[in-house]
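Visitor: Coordinates in work-v3.cif, mmCIF, C-alpha atoms and all ligand atoms, are listed below.
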data_input
loop_
_atom_site.label_atom_id
_atom_site.label_comp_id
_atom_site.auth_asym_id
_atom_site.auth_seq_id
_atom_site.Cartn_x
_atom_site.Cartn_y
_atom_site.Cartn_z
CA MET B 1322 24.32 21.97 -23.46
CA MET B 1323 25.26 20.09 -20.28
CA ILE B 1324 22.98 20.50 -17.23
CA LEU B 1325 23.49 19.18 -13.72
CA GLY B 1326 20.26 18.30 -11.91
CA ILE B 1327 19.89 18.16 -8.13
CA GLU B 1328 16.89 16.63 -6.35
CA THR B 1329 16.41 16.54 -2.55
CA SER B 1330 12.67 17.12 -2.15
CA CYS B 1331 11.97 14.17 0.15
CA ASP B 1332 14.02 11.11 1.09
CA GLU B 1333 16.18 10.56 -1.99
CA THR B 1334 19.43 12.45 -2.50
CA ALA B 1335 19.97 12.58 -6.24
CA ALA B 1336 22.11 14.19 -8.92
CA ALA B 1337 22.27 13.66 -12.69
CA VAL B 1338 23.81 15.09 -15.83
CA VAL B 1339 21.76 15.53 -19.01
CA ARG B 1340 23.20 16.61 -22.36
CA ASP B 1341 21.16 18.55 -24.91
CA GLY B 1342 17.94 18.14 -22.97
CA ARG B 1343 17.35 14.44 -23.63
CA THR B 1344 20.57 12.44 -23.32
CA LEU B 1345 21.09 11.08 -19.84
CA LEU B 1346 24.83 10.88 -19.16
CA SER B 1347 24.63 9.87 -15.51
CA HIS B 1348 22.18 9.61 -12.68
CA VAL B 1349 22.88 8.80 -9.04
CA VAL B 1350 20.26 8.26 -6.34
CA TRP B 1351 20.94 7.60 -2.70
CA SER B 1352 17.80 6.37 -1.02
CA GLN B 1353 17.37 7.10 2.68
CA VAL B 1354 15.09 4.08 3.26
CA GLU B 1355 17.33 2.72 6.04
CA THR B 1356 17.38 6.10 7.81
CA HIS B 1357 13.58 6.14 8.07
CA ALA B 1358 12.63 2.43 8.12
CA ALA B 1359 12.59 2.14 11.91
CA PHE B 1360 10.04 5.00 12.08
CA GLY B 1361 7.75 3.59 9.39
CA GLY B 1362 7.85 6.85 7.41
CA VAL B 1363 10.01 9.84 6.53
CA VAL B 1364 11.27 11.88 9.51
CA PRO B 1365 11.86 15.38 8.02
CA GLU B 1366 14.74 16.39 10.31
CA LEU B 1367 16.60 13.15 9.65
CA ALA B 1368 15.99 13.56 5.93
CA SER B 1369 17.60 17.04 5.84
CA ARG B 1370 20.62 15.84 7.81
CA ALA B 1371 21.09 12.84 5.54
CA HIS B 1372 20.88 15.11 2.45
CA ILE B 1373 23.62 17.34 3.90
CA GLU B 1374 25.87 14.33 4.43
CA LYS B 1375 25.31 12.76 1.02
CA ILE B 1376 24.77 15.56 -1.48
CA GLY B 1377 28.47 16.39 -2.00
CA PRO B 1378 29.61 12.86 -2.88
CA ILE B 1379 26.44 12.26 -4.94
CA VAL B 1380 27.07 15.35 -7.11
CA GLU B 1381 30.73 14.36 -7.52
CA LYS B 1382 29.73 10.86 -8.58
CA ALA B 1383 27.16 12.16 -11.08
CA LEU B 1384 29.85 14.34 -12.67
CA SER B 1385 32.48 11.60 -12.77
CA ASP B 1386 30.01 8.97 -14.10
CA ALA B 1387 29.11 11.43 -16.87
CA GLY B 1388 32.83 11.87 -17.62
CA CYS B 1389 32.47 15.58 -17.15
CA LEU B 1390 34.23 18.24 -15.11
CA PRO B 1391 32.46 21.09 -13.35
CA LYS B 1392 33.80 23.47 -16.01
CA ASP B 1393 31.96 21.48 -18.72
CA LEU B 1394 28.56 22.37 -17.23
CA ASP B 1395 26.31 25.02 -18.80
CA GLY B 1396 23.79 25.30 -15.97
CA ILE B 1397 22.26 23.82 -12.87
CA ALA B 1398 18.66 22.77 -12.23
CA VAL B 1399 17.36 22.05 -8.76
CA THR B 1400 14.03 20.98 -7.27
CA ARG B 1401 12.54 24.01 -5.56
CA GLY B 1402 9.26 22.41 -4.48
CA PRO B 1403 6.89 20.90 -3.61
CA GLY B 1404 8.53 18.88 -0.84
CA LEU B 1405 9.91 19.02 2.69
CA VAL B 1406 11.26 22.48 3.56
CA GLY B 1407 14.51 21.31 5.17
CA SER B 1408 15.24 18.80 2.42
CA LEU B 1409 14.56 21.31 -0.37
CA LEU B 1410 16.78 23.88 1.35
CA VAL B 1411 19.79 21.56 1.16
CA GLY B 1412 19.37 21.14 -2.60
CA ILE B 1413 18.83 24.79 -3.43
CA HIS B 1414 21.80 25.94 -1.34
CA VAL B 1415 24.11 23.41 -2.97
CA ALA B 1416 22.82 24.52 -6.39
CA LYS B 1417 23.38 28.19 -5.56
CA GLY B 1418 26.85 27.49 -4.18
CA LEU B 1419 27.87 25.59 -7.30
CA ALA B 1420 26.33 28.22 -9.58
CA ALA B 1421 28.18 31.01 -7.74
CA GLY B 1422 31.51 29.16 -7.73
CA LEU B 1423 31.29 28.09 -11.36
CA GLU B 1424 29.59 31.28 -12.58
CA LEU B 1425 26.70 29.33 -14.09
CA PRO B 1426 22.99 30.08 -14.53
CA PHE B 1427 20.69 28.07 -12.29
CA LEU B 1428 16.99 27.40 -12.08
CA GLY B 1429 14.59 26.06 -9.44
CA VAL B 1430 12.09 23.66 -11.05
CA ASN B 1431 8.78 22.14 -9.99
CA HIS B 1432 9.03 18.53 -8.82
CA LEU B 1433 5.59 17.54 -10.15
CA GLU B 1434 6.33 18.99 -13.56
CA SER B 1435 9.67 17.13 -13.50
CA HIS B 1436 7.84 13.84 -12.86
CA LEU B 1437 5.68 14.40 -15.93
CA TYR B 1438 8.60 15.65 -18.01
CA SER B 1439 10.64 12.50 -17.21
CA ILE B 1440 9.02 10.87 -20.26
CA VAL B 1441 11.18 13.12 -22.46
CA LEU B 1442 14.15 10.93 -21.49
CA GLU B 1443 12.44 7.98 -23.21
CA ASP B 1444 12.42 7.17 -26.88
CA PRO B 1445 9.96 7.75 -28.45
CA ALA B 1446 8.78 10.58 -26.22
CA PRO B 1447 5.12 11.53 -26.81
CA GLN B 1448 4.43 15.17 -27.62
CA PRO B 1449 1.63 17.08 -25.85
CA PRO B 1450 -1.31 17.33 -25.83
CA LEU B 1451 -1.41 14.41 -23.42
CA ALA B 1452 -3.61 13.08 -20.65
CA ALA B 1453 -1.52 12.56 -17.52
CA LEU B 1454 -1.87 10.55 -14.34
CA LEU B 1455 0.70 11.58 -11.73
CA VAL B 1456 0.83 9.22 -8.75
CA SER B 1457 3.50 9.68 -6.11
CA GLY B 1458 3.97 9.54 -2.36
CA GLY B 1459 2.89 13.16 -1.92
CA HIS B 1460 0.56 13.80 -4.87
CA THR B 1461 -2.10 12.18 -7.00
CA LEU B 1462 -3.61 14.09 -9.88
CA LEU B 1463 -5.09 13.79 -13.33
CA ALA B 1464 -4.30 16.56 -15.78
CA ARG B 1465 -4.35 17.63 -19.39
CA VAL B 1466 -0.87 18.56 -20.56
CA SER B 1467 -1.74 21.06 -23.28
CA GLN B 1468 1.91 21.77 -23.85
CA TRP B 1469 4.93 21.47 -21.59
CA GLY B 1470 4.40 24.17 -18.98
CA GLU B 1471 0.64 24.35 -19.48
CA TYR B 1472 -1.42 22.03 -17.32
CA GLU B 1473 -5.13 21.82 -16.70
CA ILE B 1474 -5.93 19.88 -13.53
CA PHE B 1475 -8.88 17.52 -14.06
CA ALA B 1476 -8.91 15.80 -10.66
CA GLU B 1477 -6.85 15.55 -7.49
CA THR B 1478 -6.95 13.49 -4.34
CA ARG B 1479 -8.94 15.12 -1.57
CA ASP B 1480 -6.89 13.41 1.15
CA ASP B 1481 -4.06 10.86 0.92
CA ALA B 1482 -1.92 10.51 -2.18
CA ALA B 1483 -1.99 7.03 -3.74
CA GLY B 1484 1.60 6.26 -2.63
CA GLU B 1485 0.84 7.51 0.86
CA ALA B 1486 -2.15 5.13 1.02
CA PHE B 1487 0.10 2.21 -0.04
CA ASP B 1488 2.61 3.15 2.67
CA LYS B 1489 -0.02 3.60 5.40
CA VAL B 1490 -1.81 0.33 4.63
CA ALA B 1491 1.53 -1.50 4.64
CA LYS B 1492 2.36 0.07 7.99
CA LEU B 1493 -0.91 -0.96 9.59
CA LEU B 1494 -0.27 -4.53 8.44
CA GLY B 1495 3.24 -4.45 9.90
CA LEU B 1496 5.01 -4.50 6.52
CA PRO B 1497 8.30 -2.63 6.12
CA TYR B 1498 8.56 0.94 4.78
CA PRO B 1499 8.11 1.94 1.97
CA GLY B 1500 4.99 -0.15 1.55
CA GLY B 1501 4.28 0.46 -2.14
CA PRO B 1502 6.92 -1.83 -3.66
CA ARG B 1503 6.21 -4.53 -1.02
CA ILE B 1504 2.44 -4.52 -1.68
CA ASP B 1505 3.16 -4.63 -5.42
CA SER B 1506 5.31 -7.76 -5.17
CA MET B 1507 3.06 -9.51 -2.62
CA THR B 1508 0.10 -8.91 -4.93
CA ALA B 1509 1.99 -10.14 -7.99
CA SER B 1510 2.76 -13.49 -6.30
CA PHE B 1511 -0.70 -13.95 -4.73
CA GLN B 1512 -2.83 -16.69 -6.29
CA GLY B 1513 -5.90 -16.56 -4.00
CA GLU B 1514 -9.03 -14.42 -3.81
CA PRO B 1515 -8.37 -10.77 -2.93
CA VAL B 1516 -10.58 -9.12 -0.29
CA VAL B 1517 -13.11 -6.82 -1.98
CA PHE B 1518 -12.85 -3.23 -0.71
CA PRO B 1519 -15.14 -0.33 -1.71
CA ARG B 1520 -14.06 2.10 -4.45
CA ALA B 1521 -14.74 5.68 -3.42
CA ARG B 1522 -16.55 8.10 -5.73
CA MET B 1523 -17.22 11.73 -4.89
CA LYS B 1524 -20.81 12.40 -3.79
CA ASP B 1525 -20.73 15.82 -5.47
CA GLY B 1526 -20.05 14.23 -8.86
CA SER B 1527 -16.53 15.63 -9.02
CA ALA B 1528 -13.80 13.56 -10.67
CA ASP B 1529 -11.62 13.98 -7.57
CA LEU B 1530 -10.20 10.92 -5.84
CA SER B 1531 -10.09 9.89 -2.18
CA PHE B 1532 -8.09 7.07 -0.62
CA SER B 1533 -8.62 7.64 3.08
CA GLY B 1534 -11.93 5.72 3.17
CA LEU B 1535 -10.23 2.73 1.58
CA LYS B 1536 -7.46 2.89 4.16
CA THR B 1537 -10.12 2.92 6.93
CA ALA B 1538 -11.92 -0.03 5.30
CA VAL B 1539 -8.65 -1.99 5.47
CA LEU B 1540 -8.26 -1.04 9.12
CA TYR B 1541 -11.82 -2.20 9.99
CA HIS B 1542 -11.29 -5.42 8.07
CA VAL B 1543 -8.14 -6.17 10.09
CA LYS B 1544 -9.86 -5.30 13.39
CA ALA B 1545 -12.79 -7.61 12.53
CA LEU B 1546 -10.38 -10.55 12.23
CA ARG B 1547 -9.90 -10.42 16.02
CA GLU B 1548 -6.61 -12.28 15.76
CA ASP B 1549 -3.45 -11.15 14.01
CA PRO B 1550 -3.88 -11.83 10.29
CA THR B 1551 -2.01 -14.79 8.85
CA GLU B 1552 0.44 -14.36 5.97
CA GLU B 1553 -2.26 -15.61 3.58
CA GLN B 1554 -4.82 -13.13 4.97
CA ILE B 1555 -2.34 -10.25 4.67
CA GLN B 1556 -1.74 -11.16 1.04
CA ALA B 1557 -5.50 -11.22 0.34
CA ILE B 1558 -5.86 -7.81 2.03
CA VAL B 1559 -3.01 -6.09 0.18
CA ALA B 1560 -4.09 -7.61 -3.14
CA GLY B 1561 -7.63 -6.34 -2.55
CA PHE B 1562 -6.36 -2.92 -1.50
CA GLN B 1563 -4.14 -2.64 -4.60
CA GLN B 1564 -7.01 -3.77 -6.81
CA ALA B 1565 -9.24 -1.02 -5.40
CA VAL B 1566 -6.58 1.71 -5.83
CA VAL B 1567 -5.80 0.55 -9.36
CA SER B 1568 -9.45 0.42 -10.30
CA MET B 1569 -10.05 3.99 -9.03
CA LEU B 1570 -7.00 5.30 -10.87
CA VAL B 1571 -7.84 3.49 -14.11
CA THR B 1572 -11.46 4.75 -14.02
CA GLY B 1573 -10.21 8.32 -13.43
CA ALA B 1574 -7.63 8.14 -16.22
CA MET B 1575 -10.05 6.66 -18.74
CA ASP B 1576 -12.69 9.27 -17.86
CA LEU B 1577 -10.11 11.98 -18.46
CA CYS B 1578 -9.22 10.53 -21.87
CA GLU B 1579 -12.86 10.16 -22.82
CA GLN B 1580 -13.85 13.66 -21.75
CA THR B 1581 -10.87 15.37 -23.39
CA GLY B 1582 -10.69 13.12 -26.45
CA LEU B 1583 -6.97 12.60 -25.76
CA LYS B 1584 -5.57 9.36 -27.11
CA ARG B 1585 -2.19 9.36 -25.34
CA LEU B 1586 -1.89 8.84 -21.62
CA LEU B 1587 1.23 9.55 -19.60
CA LEU B 1588 1.70 7.74 -16.28
CA ALA B 1589 4.37 9.14 -13.93
CA GLY B 1590 5.53 9.26 -10.28
CA GLY B 1591 6.69 6.55 -7.86
CA VAL B 1592 3.41 4.56 -7.94
CA ALA B 1593 3.78 4.32 -11.74
CA CYS B 1594 6.23 1.49 -10.95
CA ASN B 1595 3.29 -0.62 -9.78
CA ARG B 1596 2.91 -3.60 -12.08
CA GLY B 1597 -0.81 -3.97 -11.44
CA LEU B 1598 -1.44 -0.33 -12.33
CA ARG B 1599 0.70 -0.46 -15.46
CA SER B 1600 -0.98 -3.55 -16.84
CA ALA B 1601 -4.53 -2.46 -15.94
CA LEU B 1602 -3.98 0.93 -17.64
CA GLN B 1603 -2.46 -0.81 -20.65
CA GLN B 1604 -5.51 -3.06 -20.98
CA ALA B 1605 -8.11 -0.36 -20.36
CA GLY B 1606 -6.22 1.93 -22.74
CA SER B 1607 -6.14 -0.57 -25.57
CA ARG B 1608 -9.89 -1.16 -25.18
CA GLN B 1609 -10.45 2.60 -25.47
CA GLY B 1610 -7.85 3.28 -28.18
CA VAL B 1611 -5.55 5.09 -25.75
CA GLU B 1612 -1.79 4.62 -25.95
CA LEU B 1613 0.01 4.43 -22.62
CA PHE B 1614 3.44 5.99 -22.02
CA VAL B 1615 5.32 5.15 -18.81
CA PRO B 1616 8.95 6.01 -18.07
CA ARG B 1617 11.29 3.22 -16.95
CA PRO B 1618 10.94 2.59 -13.19
CA PHE B 1619 14.13 4.49 -12.22
CA LEU B 1620 12.62 7.58 -13.87
CA CYS B 1621 9.29 7.14 -12.04
CA THR B 1622 10.62 7.23 -8.47
CA ASP B 1623 12.39 10.39 -7.31
CA ASN B 1624 15.51 11.10 -9.36
CA ALA B 1625 17.49 14.08 -10.63
CA ALA B 1626 17.49 13.03 -14.29
CA MET B 1627 13.98 14.45 -14.67
CA THR B 1628 15.04 17.62 -12.83
CA ALA B 1629 17.99 18.09 -15.20
CA ALA B 1630 15.85 17.36 -18.27
CA LEU B 1631 13.18 19.92 -17.33
CA GLY B 1632 15.87 22.41 -16.29
CA SER B 1633 17.58 21.99 -19.67
CA ARG B 1634 14.40 22.94 -21.46
CA LEU B 1635 13.61 25.94 -19.30
CA LEU B 1636 17.19 27.25 -19.13
CA ARG B 1637 17.38 26.96 -22.92
CA GLU B 1638 14.18 29.04 -23.09
CA GLY B 1639 15.99 31.68 -21.05
CA MET B 1640 14.45 31.11 -17.63
CA ARG B 1641 16.74 31.88 -14.68
CA SER B 1642 16.43 31.93 -10.91
CA THR B 1643 18.00 34.70 -8.89
CA TRP B 1644 20.05 34.51 -5.69
CA ASP B 1645 17.00 35.26 -3.56
CA MET B 1646 15.18 32.13 -4.80
CA ASP B 1647 13.55 30.36 -1.86
CA VAL B 1648 12.00 26.91 -1.54
CA GLU B 1649 8.29 26.48 -2.47
CA PRO B 1650 7.14 23.56 -0.26
CA ASN B 1651 3.55 23.72 -1.59
CA TRP B 1652 4.22 24.66 -5.20
CA ALA B 1653 1.27 23.49 -7.32
CA LEU B 1654 1.66 22.04 -10.81
CA GLY B 1655 1.37 24.74 -13.44
CA ASP B 1656 1.78 27.70 -11.08
CA ARG B 1657 4.48 30.05 -12.31
CA GLU B 1658 6.43 32.08 -9.78
O1 LIG B 1701 7.55 9.83 -6.77
P1 LIG B 1701 8.11 9.24 -5.52
O2 LIG B 1701 9.43 8.52 -5.58
O3 LIG B 1701 8.25 10.31 -4.39
C1 LIG B 1701 7.37 11.38 -4.24
O4 LIG B 1701 7.52 12.40 -4.97
O5 LIG B 1701 6.45 11.21 -3.40
O6 LIG B 1701 6.99 8.24 -4.95
C2 LIG B 1701 7.19 7.49 -3.79
C3 LIG B 1701 5.94 6.66 -3.55
C4 LIG B 1701 5.96 5.92 -2.21
O7 LIG B 1701 4.73 6.13 -1.57
C5 LIG B 1701 6.11 4.46 -2.63
O8 LIG B 1701 5.53 3.55 -1.72
C6 LIG B 1701 5.42 4.46 -3.96
O9 LIG B 1701 5.79 5.66 -4.57
N1 LIG B 1701 5.84 3.33 -4.81
C7 LIG B 1701 5.00 2.34 -5.19
C8 LIG B 1701 5.80 1.44 -5.94
N2 LIG B 1701 7.07 1.92 -6.00
C9 LIG B 1701 7.08 3.09 -5.30
N3 LIG B 1701 3.70 2.15 -4.95
C10 LIG B 1701 3.14 1.05 -5.46
N4 LIG B 1701 3.82 0.12 -6.18
C11 LIG B 1701 5.14 0.28 -6.44
N5 LIG B 1701 5.80 -0.63 -7.16
ZN ZN B 1702 8.48 12.64 -6.49
#
Let's see the structure in the file written out as structure tokens.
Ligand code: KG4
Ligand code: ZN
Guide:
Amino acid sequence: MMILGIETSCDETAAAVVRDGRTLLSHVVWSQVETHAAFGGVVPELASRAHIEKIGPIVEKALSDAGCLPKDLDGIAVTRGPGLVGSLLVGIHVAKGLAAGLELPFLGVNHLESHLYSIVLEDPAPQPPLAALLVSGGHTLLARVSQWGEYEIFAETRDDAAGEAFDKVAKLLGLPYPGGPRIDSMTASFQGEPVVFPRARMKDGSADLSFSGLKTAVLYHVKALREDPTEEQIQAIVAGFQQAVVSMLVTGAMDLCEQTGLKRLLLAGGVACNRGLRSALQQAGSRQGVELFVPRPFLCTDNAAMTAALGSRLLREGMRSTWDMDVEPNWALGDRE
């Protein structure tokens, strides 16, 4: 079974071909970083326009890299939400157009579920039940994956997503967009003492997370310097910020494992590329007898391979979308249509 995946939920235009649910034949991602860099964040209208320009050639390249012709496809999977309305619309219309022209079944899939399901493209792929930490630019949540398709949310962020916090802190320090990868590499090469920032815990005892207070603490720290921070001071700030985010995420993930008794932890989403987070979870996990599973970095950031993989599973189970399928910009993990 050969499935084409299409992903345009935010600022990456992506297409991929997956065979038999787990074999990745091709994956192409065109990142719009340069389109948005001057604005320090994603501009939705520019994102939709860039998707319209790029999606045709990206789909063609995914097919040719996979050595397959449109007639070889058995179905099409597309991200239906959550994401930016205009960006999602481009993807679902292309998917519908291709499905109509090629007389193929198609399915709109959940982007958050796709992030978690990306691990299926790795070998060995852990089987649920799993504990999961999903950290991206738009979402941050801890969940129990009882089985694929069945998710119990344990905690969520009450304000900014972890990736969003990385990007905002980078912006306030004048670092280029997207801030996450830049803060990661600055921290990795920093030898000095990181600034110590507070780790937020919910007053009501909930396991939920919050990153906006940390972001404000960074802002106050910078203001208190009175002069523009030096390169060395910026490094100490970003290293301290990353340390605080990592510590909050590791505490949350380990609490989830402890409370559920789960011994396998899945880390997914763009922030899962962060080297500090990966190694801290690895260490905390091994102390607690928890095995960590993280997809390769290209499967953590937005891509269509995960969309095609999840679509393969669901199309094989008989799920189909109909022509009136619309985008679901706020589609929660685990919510069925
Ligand atoms: O999953 P993703 O590609 O898109 C969404 O679905 O949101 O995640 C993008 C987010 C951005 O906020 C980016 O700064 C962050 O992931 N990110 C990182 C790293 N690589 C990407 N954050 C920290 N460290 C990284 N190495
Ligand atoms: Zn994503």
Visitor: Got a sec: who's within 12 Å of Val1350 in chain B, counting all atoms listed in the file, leaving out chain neighbours fewer than 3 positions off, as a PyMOL selection string?
Guide: chain B and resi 1326-1329+1332-1337+1347+1353-1354+1372+1375-1376+1378-1380+1382-1383+1619-1620+1622-1626
Visitor: Compile the contact shell of Leu1451 in chain B as a ChimeraX atom specification: residues with an atom at most 9 Å away, counting all atoms listed in the file, same-chain residues fewer than 5 positions apart removed.
Guide: /B:1464-1468,1578,1583-1587
Visitor: Write out, as a PDB file, in the coordinates of the input, the residues just selected, with C-alpha atoms.
Guide:
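That gives us selection-v6.pdb:
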ATOM      1  CA  ALA B1464      -4.300  16.560 -15.780  1.00  0.00           C
ATOM      2  CA  ARG B1465      -4.350  17.630 -19.390  1.00  0.00           C
ATOM      3  CA  VAL B1466      -0.870  18.560 -20.560  1.00  0.00           C
ATOM      4  CA  SER B1467      -1.740  21.060 -23.280  1.00  0.00           C
ATOM      5  CA  GLN B1468       1.910  21.770 -23.850  1.00  0.00           C
ATOM      6  CA  CYS B1578      -9.220  10.530 -21.870  1.00  0.00           C
ATOM      7  CA  LEU B1583      -6.970  12.600 -25.760  1.00  0.00           C
ATOM      8  CA  LYS B1584      -5.570   9.360 -27.110  1.00  0.00           C
ATOM      9  CA  ARG B1585      -2.190   9.360 -25.340  1.00  0.00           C
ATOM     10  CA  LEU B1586      -1.890   8.840 -21.620  1.00  0.00           C
ATOM     11  CA  LEU B1587       1.230   9.550 -19.600  1.00  0.00           C
TER      12      LEU B1587
END
Visitor: Considering all atoms listed in the file, state which residue in the set B:Pro1650, B:Gly1495, B:Gly1362, B:Gly1655 is at the smallest distance from Leu1409 in chain B.
Guide: B:Pro1650
Visitor: State, in Å with one decimal place, the distance from CA of Val1516 in chain B to atom N3 of ligand LIG 1701 (chain B).
Guide: 18.8 Å
Visitor: Which residues are near ligand ZN 1702 (chain B) in this structure, taking near to mean any atom at most 7 Å from a ligand atom and counting all atoms listed in the file? Format them as a list in words.
Guide: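 What falls inside 7 Å of ligand ZN 1702 (chain B) is His1432, Leu1433, His1436, Ser1457, Gly1458, Gly1590, Gly1591, Thr1622 and Asp1623 of chain B.
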Visitor: Using only C-alpha atoms, please write the residues we just selected to a file, as a PDB file, in the frame of the given file.
Guide:
ATOM      1  CA  HIS B1432       9.030  18.530  -8.820  1.00  0.00           C
ATOM      2  CA  LEU B1433       5.590  17.540 -10.150  1.00  0.00           C
ATOM      3  CA  HIS B1436       7.840  13.840 -12.860  1.00  0.00           C
ATOM      4  CA  SER B1457       3.500   9.680  -6.110  1.00  0.00           C
ATOM      5  CA  GLY B1458       3.970   9.540  -2.360  1.00  0.00           C
ATOM      6  CA  GLY B1590       5.530   9.260 -10.280  1.00  0.00           C
ATOM      7  CA  GLY B1591       6.690   6.550  -7.860  1.00  0.00           C
ATOM      8  CA  THR B1622      10.620   7.230  -8.470  1.00  0.00           C
ATOM      9  CA  ASP B1623      12.390  10.390  -7.310  1.00  0.00           C
TER      10      ASP B1623
END
Visitor: At a cut-off of 9 Å around ligand LIG 1701 (chain B), and using all atoms listed in the file, what residues come up? Please write them as a VMD selection string.
Guide: chain B and resid 1330 to 1333 1403 to 1404 1432 to 1433 1436 1455 to 1460 1482 to 1489 1498 to 1506 1563 1589 to 1598 1618 1620 to 1624
Visitor: Could you work out how far CA of Ala1560 in chain B lies from CA of Thr1508 in chain B, giving the answer in Å with one decimal?
Guide: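 Atom-to-atom, CA of Thr1508 in chain B and CA of Ala1560 in chain B are spaced 4.7 Å apart.
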Visitor: Extract, using only C-alpha atoms, all DNA, RNA and protein residues at most 12 Å from Leu1540 in chain B, discarding same-chain residues fewer than 4 positions from it, and format them as an mmCIF file with C-alpha atoms, in the coordinates of the input.
Guide:
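Ended up saving to part.cif:
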data_model
loop_
_atom_site.group_PDB
_atom_site.id
_atom_site.type_symbol
_atom_site.label_atom_id
_atom_site.label_comp_id
_atom_site.auth_asym_id
_atom_site.auth_seq_id
_atom_site.Cartn_x
_atom_site.Cartn_y
_atom_site.Cartn_z
ATOM 1 C CA ALA B 1486 -2.150 5.130 1.020
ATOM 2 C CA LYS B 1489 -0.020 3.600 5.400
ATOM 3 C CA VAL B 1490 -1.810 0.330 4.630
ATOM 4 C CA ALA B 1491 1.530 -1.500 4.640
ATOM 5 C CA LYS B 1492 2.360 0.070 7.990
ATOM 6 C CA LEU B 1493 -0.910 -0.960 9.590
ATOM 7 C CA LEU B 1494 -0.270 -4.530 8.440
ATOM 8 C CA PHE B 1518 -12.850 -3.230 -0.710
ATOM 9 C CA SER B 1533 -8.620 7.640 3.080
ATOM 10 C CA GLY B 1534 -11.930 5.720 3.170
ATOM 11 C CA LEU B 1535 -10.230 2.730 1.580
ATOM 12 C CA LYS B 1536 -7.460 2.890 4.160
ATOM 13 C CA LYS B 1544 -9.860 -5.300 13.390
ATOM 14 C CA ALA B 1545 -12.790 -7.610 12.530
ATOM 15 C CA LEU B 1546 -10.380 -10.550 12.230
ATOM 16 C CA ARG B 1547 -9.900 -10.420 16.020
ATOM 17 C CA PRO B 1550 -3.880 -11.830 10.290
ATOM 18 C CA ILE B 1555 -2.340 -10.250 4.670
ATOM 19 C CA ILE B 1558 -5.860 -7.810 2.030
ATOM 20 C CA VAL B 1559 -3.010 -6.090 0.180
ATOM 21 C CA PHE B 1562 -6.360 -2.920 -1.500
#
Visitor: Would you please work out which residue, of B:Ile1324, B:Val1411, B:Ala1452, B:Leu1394, is nearest to Leu1423 in chain B when using only C-alpha atoms?
Guide: B:Leu1394
Visitor: Pick the closest to Thr1344 in chain B from B:Gly1582, B:Leu1454, B:Ser1510, B:Ala1630: which is it, counting all atoms listed in the file?
Guide: B:Ala1630
Visitor: Would you compute the distance between CA of Ala1574 in chain B and CA of Ser1439 in chain B? Give it in Å to one decimal.
Guide: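 Distance between the two atoms: 18.8 Å.
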Visitor: Return the single residue from B:Leu1654, B:Lys1392, B:Val1571, B:Leu1410 that is closest to Ile1474 in chain B, with distances computed using all atoms listed in the file.
Guide: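 Smallest separation from Ile1474 in chain B among the options: B:Leu1654.
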Visitor: Name the residues, using the chain letters and numbers of the file, that sit within 6 Å of (19.5, 26.1, -10.5) when counting only C-alpha atoms, and give them as an MDAnalysis selection string.
Guide: chainID B and resid 1397:1399 1416 1427:1429
Visitor: Using all atoms listed in the file for the distances, tell me which of B:Phe1511, B:Val1566, B:Glu1477, B:Glu1355 is nearest to Met1523 in chain B.
Guide: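 Closest to Met1523 in chain B of all the choices is B:Glu1477.
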Visitor: Counting all atoms listed in the file, which of B:Gly1470, B:Gly1412, B:Pro1449, B:Gly1396 gets nearest to Asp1656 in chain B?
Guide: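 Counting all atoms listed in the file, the residue closest to Asp1656 in chain B is B:Gly1470.
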Visitor: Could you give me, as an NGL selection string, the residues that sit within 9 Å of (-11.5, 3.0, -6.1) in the file's coordinates, counting all atoms listed in the file?
Guide: :B and (1518-1522 or 1530-1532 or 1535 or 1564-1572)
Visitor: Quick one: everything within 6 Å of Ala1476 in chain B, counting only C-alpha atoms, minus sequence neighbours fewer than 4 positions away in the same chain. Send it as number ranges by chain.
Guide: B: 1462-1463, 1528-1529
